[in-house]
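Undergrad: Here's a structure for you.
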Amino acid sequence: MAAPHPLPSPPQTEPLPTRWNTFAIVGFICAFVMAPLGLAFSIVGFVQTGHSLEQGRGLSLAGIIIGAVFTLAALAALVTLIWFGVMFVPYGQYLRTH
């Protein structure tokens with residue numbers, strides 16, 4: 001009877017990353033409070049997590065999306081307020097004088 005062959009050892013894999021990217025966390029939080037700053041931090045975190053083994057790529061992607069949406073909404077509101085001021089303040093002055 002032949003000796004049994006030993007089982008091959010499982011392939012060695014790198015351990016899962018356990019460290020979170022600081023820019024991803026800060027960017028996600030700031031995306032709700034200060035959207036443009038959160039957008040910038042989230043972009044930095046997204047790039048850094050692509051080049052390292054740190055966690056937080058999905059968190060930074062969410063920060064990018066939320067920061068961009070909130071920034072665009074704030075810009076739209078600002079443009080709308082400026083437009084109303086430019087359009088209706090002179091008209092109101094005209095009405096008061098006539």
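Chain labels A, B, ... are given in the sequence in which chains occur in the structure tokens; within each chain residues are numbered consecutively from 1, and ligands are likewise numbered from 1 in the order shown.
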Per DSSP on the backbone, what are the helix (DSSP H, G or I) residues of chain A, as a CSV table (one decimal) with all heavy atoms, in the first residue's frame?
TA:
```
chain,number,residue,atom,x,y,z
A,22,THR,N,-8.4,58.1,7.2
A,22,THR,CA,-8.9,59.3,8.0
A,22,THR,C,-9.7,60.3,7.1
A,22,THR,O,-10.7,60.8,7.5
A,22,THR,CB,-7.8,60.0,8.7
A,22,THR,OG1,-7.1,59.0,9.5
A,22,THR,CG2,-8.3,61.1,9.6
A,23,PHE,N,-9.1,60.5,5.9
A,23,PHE,CA,-9.8,61.4,5.0
A,23,PHE,C,-11.2,61.0,4.5
A,23,PHE,O,-12.1,61.8,4.4
A,23,PHE,CB,-8.9,61.7,3.7
A,23,PHE,CG,-7.8,62.7,3.9
A,23,PHE,CD1,-6.5,62.3,4.1
A,23,PHE,CD2,-8.1,64.0,3.9
A,23,PHE,CE1,-5.5,63.2,4.3
A,23,PHE,CE2,-7.1,65.0,4.1
A,23,PHE,CZ,-5.8,64.5,4.3
A,24,ALA,N,-11.3,59.6,4.4
A,24,ALA,CA,-12.6,59.1,4.0
A,24,ALA,C,-13.7,59.4,5.1
A,24,ALA,O,-14.8,59.8,4.9
A,24,ALA,CB,-12.5,57.6,3.8
A,25,ILE,N,-13.3,59.2,6.4
A,25,ILE,CA,-14.2,59.4,7.5
A,25,ILE,C,-14.5,60.9,7.7
A,25,ILE,O,-15.7,61.2,7.8
A,25,ILE,CB,-13.6,58.8,8.8
A,25,ILE,CG1,-13.4,57.3,8.7
A,25,ILE,CG2,-14.4,59.2,10.0
A,25,ILE,CD1,-12.5,56.7,9.8
A,26,VAL,N,-13.5,61.7,7.7
A,26,VAL,CA,-13.7,63.1,7.8
A,26,VAL,C,-14.5,63.7,6.7
A,26,VAL,O,-15.4,64.5,6.8
A,26,VAL,CB,-12.3,63.9,8.0
A,26,VAL,CG1,-12.5,65.4,8.0
A,26,VAL,CG2,-11.7,63.4,9.3
A,27,GLY,N,-14.2,63.2,5.4
A,27,GLY,CA,-14.9,63.7,4.3
A,27,GLY,C,-16.4,63.3,4.3
A,27,GLY,O,-17.2,64.1,3.9
A,28,PHE,N,-16.7,62.1,4.8
A,28,PHE,CA,-18.1,61.7,4.8
A,28,PHE,C,-18.8,62.6,5.8
A,28,PHE,O,-20.0,63.0,5.6
A,28,PHE,CB,-18.2,60.2,5.2
A,28,PHE,CG,-19.6,59.7,5.3
A,28,PHE,CD1,-20.3,59.5,4.2
A,28,PHE,CD2,-20.2,59.5,6.5
A,28,PHE,CE1,-21.6,59.0,4.2
A,28,PHE,CE2,-21.5,59.0,6.6
A,28,PHE,CZ,-22.2,58.8,5.4
A,29,ILE,N,-18.2,62.8,7.0
A,29,ILE,CA,-18.9,63.6,8.0
A,29,ILE,C,-19.1,65.1,7.5
A,29,ILE,O,-20.1,65.7,7.7
A,29,ILE,CB,-18.1,63.6,9.3
A,29,ILE,CG1,-18.2,62.2,9.9
A,29,ILE,CG2,-18.7,64.6,10.4
A,29,ILE,CD1,-17.2,61.9,11.1
A,30,CYS,N,-18.0,65.6,7.0
A,30,CYS,CA,-18.1,67.0,6.5
A,30,CYS,C,-19.0,67.2,5.3
A,30,CYS,O,-19.4,68.3,5.0
A,30,CYS,CB,-16.7,67.5,6.1
A,30,CYS,SG,-15.6,67.9,7.5
A,31,ALA,N,-19.3,66.2,4.6
A,31,ALA,CA,-20.2,66.3,3.4
A,31,ALA,C,-21.6,66.7,3.9
A,31,ALA,O,-22.3,67.4,3.1
A,31,ALA,CB,-20.3,64.9,2.7
A,32,PHE,N,-21.9,66.4,5.1
A,32,PHE,CA,-23.3,66.8,5.6
A,32,PHE,C,-23.2,68.2,6.2
A,32,PHE,O,-24.2,68.9,6.2
A,32,PHE,CB,-23.7,65.9,6.7
A,32,PHE,CG,-24.1,64.5,6.1
A,32,PHE,CD1,-23.2,63.4,6.3
A,32,PHE,CD2,-25.3,64.3,5.5
A,32,PHE,CE1,-23.6,62.2,5.8
A,32,PHE,CE2,-25.7,63.1,5.0
A,32,PHE,CZ,-24.8,62.0,5.1
A,33,VAL,N,-22.0,68.6,6.8
A,33,VAL,CA,-21.9,69.9,7.5
A,33,VAL,C,-21.4,71.0,6.6
A,33,VAL,O,-22.0,72.1,6.5
A,33,VAL,CB,-21.0,69.7,8.7
A,33,VAL,CG1,-20.9,71.0,9.5
A,33,VAL,CG2,-21.5,68.6,9.6
A,35,ALA,N,-20.3,71.0,2.9
A,35,ALA,CA,-20.3,70.1,1.7
A,35,ALA,C,-19.1,70.3,0.8
A,35,ALA,O,-18.5,69.3,0.4
A,35,ALA,CB,-21.6,70.3,0.9
A,36,PRO,N,-18.7,71.5,0.4
A,36,PRO,CA,-17.5,71.6,-0.4
A,36,PRO,C,-16.2,71.0,0.2
A,36,PRO,O,-15.4,70.3,-0.4
A,36,PRO,CB,-17.3,73.1,-0.7
A,36,PRO,CG,-18.7,73.7,-0.4
A,36,PRO,CD,-19.3,72.8,0.6
A,37,LEU,N,-16.0,71.3,1.5
A,37,LEU,CA,-14.9,70.7,2.2
A,37,LEU,C,-15.0,69.2,2.3
A,37,LEU,O,-14.0,68.5,2.1
A,37,LEU,CB,-14.8,71.3,3.6
A,37,LEU,CG,-13.6,71.0,4.4
A,37,LEU,CD1,-12.3,71.5,3.7
A,37,LEU,CD2,-13.7,71.6,5.8
A,38,GLY,N,-16.2,68.7,2.6
A,38,GLY,CA,-16.4,67.2,2.6
A,38,GLY,C,-16.1,66.6,1.3
A,38,GLY,O,-15.6,65.5,1.2
A,39,LEU,N,-16.5,67.3,0.2
A,39,LEU,CA,-16.3,66.8,-1.1
A,39,LEU,C,-14.8,66.7,-1.4
A,39,LEU,O,-14.3,65.6,-1.9
A,39,LEU,CB,-16.9,67.7,-2.2
A,39,LEU,CG,-16.7,67.4,-3.6
A,39,LEU,CD1,-17.3,66.0,-4.0
A,39,LEU,CD2,-17.3,68.4,-4.5
A,40,ALA,N,-14.0,67.7,-1.0
A,40,ALA,CA,-12.6,67.7,-1.2
A,40,ALA,C,-11.9,66.6,-0.4
A,40,ALA,O,-11.1,65.8,-0.9
A,40,ALA,CB,-12.0,69.0,-0.9
A,41,PHE,N,-12.3,66.4,0.9
A,41,PHE,CA,-11.7,65.4,1.7
A,41,PHE,C,-12.0,64.0,1.2
A,41,PHE,O,-11.2,63.1,1.2
A,41,PHE,CB,-12.1,65.5,3.2
A,41,PHE,CG,-11.4,66.6,3.9
A,41,PHE,CD1,-12.0,67.2,5.0
A,41,PHE,CD2,-10.2,67.1,3.5
A,41,PHE,CE1,-11.4,68.2,5.7
A,41,PHE,CE2,-9.5,68.1,4.3
A,41,PHE,CZ,-10.2,68.6,5.4
A,42,SER,N,-13.3,63.8,0.7
A,42,SER,CA,-13.7,62.5,0.2
A,42,SER,C,-12.9,62.2,-1.0
A,42,SER,O,-12.6,61.0,-1.3
A,42,SER,CB,-15.2,62.5,0.0
A,42,SER,OG,-15.9,62.7,1.2
A,43,ILE,N,-12.6,63.1,-1.9
A,43,ILE,CA,-11.9,62.8,-3.1
A,43,ILE,C,-10.5,62.4,-2.7
A,43,ILE,O,-9.9,61.4,-3.3
A,43,ILE,CB,-11.8,64.1,-4.1
A,43,ILE,CG1,-13.2,64.3,-4.7
A,43,ILE,CG2,-10.8,63.9,-5.2
A,43,ILE,CD1,-13.4,65.6,-5.4
A,44,VAL,N,-9.8,63.1,-1.8
A,44,VAL,CA,-8.5,62.7,-1.3
A,44,VAL,C,-8.6,61.3,-0.7
A,44,VAL,O,-7.7,60.4,-1.0
A,44,VAL,CB,-8.0,63.7,-0.3
A,44,VAL,CG1,-6.7,63.2,0.3
A,44,VAL,CG2,-7.7,65.0,-1.0
A,45,GLY,N,-9.6,61.0,0.1
A,45,GLY,CA,-9.7,59.7,0.7
A,45,GLY,C,-9.9,58.6,-0.4
A,45,GLY,O,-9.4,57.5,-0.2
A,46,PHE,N,-10.7,58.9,-1.4
A,46,PHE,CA,-11.0,57.9,-2.5
A,46,PHE,C,-9.7,57.6,-3.2
A,46,PHE,O,-9.4,56.4,-3.5
A,46,PHE,CB,-12.0,58.5,-3.4
A,46,PHE,CG,-12.5,57.5,-4.4
A,46,PHE,CD1,-13.4,56.6,-4.1
A,46,PHE,CD2,-12.0,57.6,-5.7
A,46,PHE,CE1,-13.9,55.7,-5.0
A,46,PHE,CE2,-12.5,56.7,-6.7
A,46,PHE,CZ,-13.4,55.7,-6.3
A,47,VAL,N,-8.9,58.6,-3.5
A,47,VAL,CA,-7.6,58.3,-4.2
A,47,VAL,C,-6.7,57.5,-3.3
A,47,VAL,O,-6.0,56.6,-3.8
A,47,VAL,CB,-7.0,59.7,-4.7
A,47,VAL,CG1,-5.6,59.5,-5.2
A,47,VAL,CG2,-7.8,60.3,-5.7
A,48,GLN,N,-6.6,57.9,-2.0
A,48,GLN,CA,-5.7,57.2,-1.1
A,48,GLN,C,-6.1,55.8,-0.9
A,48,GLN,O,-5.2,54.9,-0.8
A,48,GLN,CB,-5.6,57.9,0.2
A,48,GLN,CG,-4.8,59.2,0.2
A,48,GLN,CD,-4.7,59.9,1.6
A,48,GLN,OE1,-5.4,59.4,2.5
A,48,GLN,NE2,-3.9,60.9,1.7
A,49,THR,N,-7.3,55.5,-0.8
A,49,THR,CA,-7.7,54.1,-0.6
A,49,THR,C,-7.5,53.2,-1.8
A,49,THR,O,-7.5,52.0,-1.7
A,49,THR,CB,-9.2,54.0,-0.2
A,49,THR,OG1,-10.0,54.7,-1.1
A,49,THR,CG2,-9.4,54.6,1.2
A,50,GLY,N,-7.4,53.9,-3.0
A,50,GLY,CA,-7.1,53.1,-4.2
A,50,GLY,C,-5.7,52.7,-4.3
A,50,GLY,O,-5.4,51.7,-4.9
A,51,HIS,N,-4.8,53.4,-3.6
A,51,HIS,CA,-3.4,53.1,-3.6
A,51,HIS,C,-2.9,52.3,-2.4
A,51,HIS,O,-1.7,52.0,-2.4
A,51,HIS,CB,-2.6,54.4,-3.8
A,51,HIS,CG,-2.8,55.1,-5.0
A,51,HIS,ND1,-2.6,54.6,-6.3
A,51,HIS,CD2,-3.3,56.4,-5.3
A,51,HIS,CE1,-2.9,55.5,-7.2
A,51,HIS,NE2,-3.4,56.6,-6.6
A,57,ARG,N,-13.1,53.1,1.1
A,57,ARG,CA,-13.3,53.5,-0.3
A,57,ARG,C,-14.8,53.7,-0.6
A,57,ARG,O,-15.1,54.7,-1.2
A,57,ARG,CB,-12.8,52.4,-1.3
A,57,ARG,CG,-12.7,52.9,-2.7
A,57,ARG,CD,-11.7,52.0,-3.5
A,57,ARG,NE,-11.7,52.3,-4.9
A,57,ARG,CZ,-11.0,53.3,-5.4
A,57,ARG,NH1,-10.2,54.0,-4.7
A,57,ARG,NH2,-11.0,53.5,-6.7
A,58,GLY,N,-15.7,52.9,-0.1
A,58,GLY,CA,-17.1,53.1,-0.2
A,58,GLY,C,-17.6,54.3,0.6
A,58,GLY,O,-18.4,55.1,0.1
A,59,LEU,N,-17.0,54.5,1.7
A,59,LEU,CA,-17.4,55.7,2.6
A,59,LEU,C,-17.0,57.0,1.9
A,59,LEU,O,-17.7,57.9,1.8
A,59,LEU,CB,-16.7,55.6,3.9
A,59,LEU,CG,-17.1,56.5,5.0
A,59,LEU,CD1,-18.6,56.2,5.4
A,59,LEU,CD2,-16.3,56.3,6.2
A,60,SER,N,-15.8,57.0,1.3
A,60,SER,CA,-15.4,58.2,0.6
A,60,SER,C,-16.2,58.4,-0.7
A,60,SER,O,-16.5,59.5,-1.1
A,60,SER,CB,-13.9,58.1,0.2
A,60,SER,OG,-13.6,57.0,-0.6
A,61,LEU,N,-16.6,57.3,-1.4
A,61,LEU,CA,-17.5,57.5,-2.6
A,61,LEU,C,-18.8,58.1,-2.2
A,61,LEU,O,-19.3,58.9,-2.8
A,61,LEU,CB,-17.6,56.1,-3.2
A,61,LEU,CG,-18.5,56.1,-4.5
A,61,LEU,CD1,-17.9,57.0,-5.6
A,61,LEU,CD2,-18.7,54.7,-5.0
A,62,ALA,N,-19.3,57.6,-1.0
A,62,ALA,CA,-20.6,58.2,-0.5
A,62,ALA,C,-20.4,59.6,-0.2
A,62,ALA,O,-21.3,60.5,-0.4
A,62,ALA,CB,-21.1,57.4,0.7
A,63,GLY,N,-19.3,60.0,0.4
A,63,GLY,CA,-19.0,61.4,0.7
A,63,GLY,C,-18.9,62.2,-0.5
A,63,GLY,O,-19.3,63.4,-0.5
A,64,ILE,N,-18.3,61.7,-1.6
A,64,ILE,CA,-18.2,62.4,-2.8
A,64,ILE,C,-19.6,62.7,-3.4
A,64,ILE,O,-19.9,63.8,-3.8
A,64,ILE,CB,-17.4,61.6,-3.9
A,64,ILE,CG1,-15.9,61.6,-3.5
A,64,ILE,CG2,-17.5,62.2,-5.3
A,64,ILE,CD1,-15.0,60.7,-4.3
A,65,ILE,N,-20.5,61.7,-3.4
A,65,ILE,CA,-21.8,61.9,-3.9
A,65,ILE,C,-22.6,62.8,-3.1
A,65,ILE,O,-23.2,63.8,-3.6
A,65,ILE,CB,-22.5,60.5,-4.0
A,65,ILE,CG1,-21.8,59.6,-5.1
A,65,ILE,CG2,-24.0,60.6,-4.4
A,65,ILE,CD1,-22.2,58.2,-5.1
A,66,ILE,N,-22.6,62.7,-1.8
A,66,ILE,CA,-23.4,63.5,-0.9
A,66,ILE,C,-22.8,65.0,-1.0
A,66,ILE,O,-23.6,65.9,-1.0
A,66,ILE,CB,-23.4,63.0,0.5
A,66,ILE,CG1,-24.1,61.7,0.6
A,66,ILE,CG2,-23.9,64.0,1.5
A,66,ILE,CD1,-23.9,60.9,1.9
A,67,GLY,N,-21.5,65.1,-0.9
A,67,GLY,CA,-20.9,66.4,-1.0
A,67,GLY,C,-21.2,67.1,-2.3
A,67,GLY,O,-21.5,68.3,-2.3
A,68,ALA,N,-21.2,66.4,-3.4
A,68,ALA,CA,-21.5,67.0,-4.7
A,68,ALA,C,-22.9,67.5,-4.8
A,68,ALA,O,-23.2,68.6,-5.2
A,68,ALA,CB,-21.1,66.1,-5.8
A,69,VAL,N,-23.8,66.6,-4.3
A,69,VAL,CA,-25.3,66.9,-4.4
A,69,VAL,C,-25.6,68.2,-3.5
A,69,VAL,O,-26.3,69.1,-3.9
A,69,VAL,CB,-26.1,65.7,-3.9
A,69,VAL,CG1,-27.6,66.1,-3.7
A,69,VAL,CG2,-26.0,64.6,-5.0
A,70,PHE,N,-25.0,68.2,-2.2
A,70,PHE,CA,-25.3,69.3,-1.3
A,70,PHE,C,-24.6,70.6,-1.8
A,70,PHE,O,-25.2,71.7,-1.7
A,70,PHE,CB,-24.8,69.0,0.1
A,70,PHE,CG,-25.7,68.1,0.9
A,70,PHE,CD1,-26.7,67.4,0.3
A,70,PHE,CD2,-25.5,67.9,2.2
A,70,PHE,CE1,-27.6,66.6,1.0
A,70,PHE,CE2,-26.3,67.1,3.0
A,70,PHE,CZ,-27.4,66.4,2.3
A,71,THR,N,-23.4,70.5,-2.4
A,71,THR,CA,-22.8,71.7,-3.0
A,71,THR,C,-23.6,72.2,-4.1
A,71,THR,O,-23.8,73.4,-4.2
A,71,THR,CB,-21.3,71.3,-3.4
A,71,THR,OG1,-20.6,70.8,-2.3
A,71,THR,CG2,-20.6,72.5,-4.0
A,72,LEU,N,-24.0,71.4,-5.0
A,72,LEU,CA,-24.8,71.8,-6.2
A,72,LEU,C,-26.2,72.4,-5.7
A,72,LEU,O,-26.6,73.4,-6.2
A,72,LEU,CB,-25.1,70.7,-7.2
A,72,LEU,CG,-23.8,70.2,-7.9
A,72,LEU,CD1,-24.2,69.0,-8.8
A,72,LEU,CD2,-23.3,71.4,-8.8
A,73,ALA,N,-26.8,71.8,-4.7
A,73,ALA,CA,-28.0,72.4,-4.1
A,73,ALA,C,-27.8,73.8,-3.5
A,73,ALA,O,-28.6,74.7,-3.7
A,73,ALA,CB,-28.6,71.4,-3.1
A,74,ALA,N,-26.7,73.9,-2.8
A,74,ALA,CA,-26.4,75.2,-2.2
A,74,ALA,C,-26.1,76.3,-3.3
A,74,ALA,O,-26.5,77.4,-3.2
A,74,ALA,CB,-25.2,75.1,-1.2
A,75,LEU,N,-25.4,75.9,-4.3
A,75,LEU,CA,-25.1,76.8,-5.4
A,75,LEU,C,-26.4,77.2,-6.1
A,75,LEU,O,-26.6,78.4,-6.5
A,75,LEU,CB,-24.1,76.2,-6.4
A,75,LEU,CG,-22.7,76.2,-5.9
A,75,LEU,CD1,-21.8,75.4,-6.9
A,75,LEU,CD2,-22.1,77.6,-5.7
A,76,ALA,N,-27.3,76.2,-6.3
A,76,ALA,CA,-28.5,76.5,-7.0
A,76,ALA,C,-29.4,77.5,-6.1
A,76,ALA,O,-30.0,78.4,-6.7
A,76,ALA,CB,-29.3,75.3,-7.3
A,77,ALA,N,-29.4,77.3,-4.8
A,77,ALA,CA,-30.1,78.2,-3.9
A,77,ALA,C,-29.5,79.6,-4.0
A,77,ALA,O,-30.3,80.6,-4.0
A,77,ALA,CB,-30.2,77.6,-2.5
A,78,LEU,N,-28.2,79.7,-3.9
A,78,LEU,CA,-27.5,81.0,-4.0
A,78,LEU,C,-27.8,81.7,-5.3
A,78,LEU,O,-28.1,82.9,-5.3
A,78,LEU,CB,-26.0,80.8,-3.8
A,78,LEU,CG,-25.2,82.0,-3.7
A,78,LEU,CD1,-25.6,82.8,-2.4
A,78,LEU,CD2,-23.7,81.7,-3.6
A,79,VAL,N,-27.7,81.0,-6.4
A,79,VAL,CA,-28.0,81.6,-7.7
A,79,VAL,C,-29.5,82.1,-7.7
A,79,VAL,O,-29.8,83.2,-8.3
A,79,VAL,CB,-27.7,80.6,-8.8
A,79,VAL,CG1,-28.2,81.1,-10.2
A,79,VAL,CG2,-26.2,80.5,-8.9
A,80,THR,N,-30.4,81.3,-7.2
A,80,THR,CA,-31.8,81.7,-7.2
A,80,THR,C,-32.0,82.9,-6.4
A,80,THR,O,-32.7,83.8,-6.8
A,80,THR,CB,-32.7,80.5,-6.7
A,80,THR,OG1,-32.4,79.4,-7.5
A,80,THR,CG2,-34.1,80.9,-6.7
A,81,LEU,N,-31.4,83.0,-5.2
A,81,LEU,CA,-31.6,84.2,-4.4
A,81,LEU,C,-31.0,85.4,-5.0
A,81,LEU,O,-31.6,86.5,-5.0
A,81,LEU,CB,-30.9,83.9,-3.0
A,81,LEU,CG,-31.6,83.0,-2.1
A,81,LEU,CD1,-30.8,82.7,-0.8
A,81,LEU,CD2,-33.0,83.5,-1.7
A,82,ILE,N,-29.8,85.3,-5.6
A,82,ILE,CA,-29.2,86.4,-6.4
A,82,ILE,C,-30.1,86.8,-7.5
A,82,ILE,O,-30.4,88.0,-7.7
A,82,ILE,CB,-27.8,86.1,-6.8
A,82,ILE,CG1,-26.9,85.9,-5.6
A,82,ILE,CG2,-27.3,87.1,-7.8
A,82,ILE,CD1,-25.5,85.4,-5.9
A,83,TRP,N,-30.7,85.9,-8.2
A,83,TRP,CA,-31.5,86.2,-9.4
A,83,TRP,C,-32.8,87.0,-8.9
A,83,TRP,O,-33.2,87.9,-9.5
A,83,TRP,CB,-31.9,84.9,-10.1
A,83,TRP,CG,-32.8,85.2,-11.3
A,83,TRP,CD1,-32.4,85.6,-12.5
A,83,TRP,CD2,-34.2,85.1,-11.4
A,83,TRP,NE1,-33.5,85.8,-13.3
A,83,TRP,CE2,-34.6,85.4,-12.7
A,83,TRP,CE3,-35.2,84.7,-10.4
A,83,TRP,CZ2,-35.9,85.4,-13.1
A,83,TRP,CZ3,-36.5,84.6,-10.8
A,83,TRP,CH2,-36.8,85.0,-12.1
A,84,PHE,N,-33.4,86.5,-7.8
A,84,PHE,CA,-34.6,87.2,-7.3
A,84,PHE,C,-34.2,88.6,-6.9
A,84,PHE,O,-35.0,89.5,-7.1
A,84,PHE,CB,-35.2,86.4,-6.2
A,84,PHE,CG,-36.2,85.4,-6.6
A,84,PHE,CD1,-36.0,84.0,-6.5
A,84,PHE,CD2,-37.5,85.8,-7.1
A,84,PHE,CE1,-36.9,83.1,-7.0
A,84,PHE,CE2,-38.4,84.9,-7.5
A,84,PHE,CZ,-38.1,83.5,-7.4
A,85,GLY,N,-33.1,88.7,-6.2
A,85,GLY,CA,-32.7,90.1,-5.8
A,85,GLY,C,-32.4,91.0,-7.0
A,85,GLY,O,-32.9,92.2,-7.0
A,86,VAL,N,-31.8,90.5,-8.0
A,86,VAL,CA,-31.5,91.3,-9.2
A,86,VAL,C,-32.8,91.7,-9.9
A,86,VAL,O,-33.0,92.8,-10.4
A,86,VAL,CB,-30.5,90.6,-10.1
A,86,VAL,CG1,-30.4,91.3,-11.5
A,86,VAL,CG2,-29.2,90.5,-9.4
A,87,MET,N,-33.7,90.7,-10.0
A,87,MET,CA,-34.9,90.9,-10.8
A,87,MET,C,-36.0,91.8,-10.1
A,87,MET,O,-36.7,92.6,-10.7
A,87,MET,CB,-35.5,89.6,-11.2
A,87,MET,CG,-34.7,88.8,-12.1
A,87,MET,SD,-34.3,89.6,-13.6
A,87,MET,CE,-35.9,89.6,-14.4
A,88,PHE,N,-36.2,91.6,-8.8
A,88,PHE,CA,-37.3,92.1,-8.1
A,88,PHE,C,-37.0,93.4,-7.2
A,88,PHE,O,-37.9,94.1,-7.0
A,88,PHE,CB,-38.1,91.1,-7.3
A,88,PHE,CG,-38.7,90.0,-8.2
A,88,PHE,CD1,-38.2,88.7,-8.2
A,88,PHE,CD2,-39.7,90.4,-9.1
A,88,PHE,CE1,-38.8,87.8,-9.0
A,88,PHE,CE2,-40.3,89.4,-9.9
A,88,PHE,CZ,-39.8,88.1,-9.9
A,89,VAL,N,-35.8,93.5,-6.8
A,89,VAL,CA,-35.5,94.7,-6.0
A,89,VAL,C,-35.7,96.0,-6.9
A,89,VAL,O,-36.3,96.9,-6.4
A,89,VAL,CB,-34.1,94.7,-5.4
A,89,VAL,CG1,-33.7,96.0,-4.8
A,89,VAL,CG2,-34.1,93.6,-4.3
A,90,PRO,N,-35.2,96.1,-8.1
A,90,PRO,CA,-35.4,97.3,-8.9
A,90,PRO,C,-36.9,97.5,-9.2
A,90,PRO,O,-37.4,98.6,-9.3
A,90,PRO,CB,-34.6,97.0,-10.2
A,90,PRO,CG,-33.6,96.1,-9.8
A,90,PRO,CD,-34.2,95.2,-8.8
A,91,TYR,N,-37.6,96.4,-9.4
A,91,TYR,CA,-39.1,96.5,-9.7
A,91,TYR,C,-39.8,97.0,-8.5
A,91,TYR,O,-40.7,97.9,-8.6
A,91,TYR,CB,-39.6,95.1,-10.1
A,91,TYR,CG,-41.1,95.2,-10.4
A,91,TYR,CD1,-41.6,95.8,-11.5
A,91,TYR,CD2,-42.0,94.5,-9.6
A,91,TYR,CE1,-42.9,95.9,-11.8
A,91,TYR,CE2,-43.3,94.5,-9.9
A,91,TYR,CZ,-43.8,95.2,-11.0
A,91,TYR,OH,-45.1,95.3,-11.3
A,92,GLY,N,-39.4,96.6,-7.3
A,92,GLY,CA,-40.0,97.1,-6.1
A,92,GLY,C,-39.7,98.6,-5.9
A,92,GLY,O,-40.6,99.4,-5.4
A,93,GLN,N,-38.5,99.0,-6.2
A,93,GLN,CA,-38.2,100.4,-6.1
A,93,GLN,C,-39.0,101.2,-7.1
A,93,GLN,O,-39.5,102.4,-6.8
A,93,GLN,CB,-36.7,100.7,-6.4
A,93,GLN,CG,-35.9,100.2,-5.2
A,93,GLN,CD,-34.4,100.2,-5.5
A,93,GLN,OE1,-34.0,100.5,-6.7
A,93,GLN,NE2,-33.6,100.0,-4.6
A,94,TYR,N,-39.3,100.7,-8.3
A,94,TYR,CA,-40.1,101.3,-9.3
A,94,TYR,C,-41.5,101.5,-8.8
A,94,TYR,O,-42.1,102.5,-9.0
A,94,TYR,CB,-40.0,100.5,-10.6
A,94,TYR,CG,-41.0,101.0,-11.6
A,94,TYR,CD1,-40.8,102.2,-12.4
A,94,TYR,CD2,-42.2,100.3,-11.9
A,94,TYR,CE1,-41.7,102.6,-13.3
A,94,TYR,CE2,-43.1,100.7,-12.8
A,94,TYR,CZ,-42.8,101.9,-13.5
A,94,TYR,OH,-43.7,102.3,-14.5
A,95,LEU,N,-42.0,100.5,-8.2
A,95,LEU,CA,-43.4,100.5,-7.7
A,95,LEU,C,-43.6,101.6,-6.6
A,95,LEU,O,-44.6,102.2,-6.5
A,95,LEU,CB,-43.9,99.2,-7.2
A,95,LEU,CG,-44.1,98.1,-8.3
A,95,LEU,CD1,-44.5,96.8,-7.6
A,95,LEU,CD2,-45.2,98.5,-9.2
A,96,ARG,N,-42.5,101.7,-5.7
A,96,ARG,CA,-42.6,102.6,-4.6
A,96,ARG,C,-42.6,104.1,-5.1
A,96,ARG,O,-43.1,105.0,-4.5
A,96,ARG,CB,-41.5,102.4,-3.6
A,96,ARG,CG,-41.8,101.2,-2.7
A,96,ARG,CD,-40.8,101.1,-1.6
A,96,ARG,NE,-39.5,100.7,-2.0
A,96,ARG,CZ,-39.1,99.4,-2.1
A,96,ARG,NH1,-39.9,98.5,-1.9
A,96,ARG,NH2,-37.9,99.2,-2.5
A,97,THR,N,-41.9,104.3,-6.2
A,97,THR,CA,-41.8,105.7,-6.7
A,97,THR,C,-43.0,106.1,-7.6
A,97,THR,O,-43.2,107.3,-7.8
A,97,THR,CB,-40.5,105.9,-7.6
A,97,THR,OG1,-40.5,104.9,-8.6
A,97,THR,CG2,-39.3,105.6,-6.7
```
Undergrad: Using only C-alpha atoms, which residues sit within 6 Å of A:Glu54 once same-chain residues fewer than 2 positions away are excluded, as a ChimeraX atom specification?
TA: /A:17,19-21,49,52
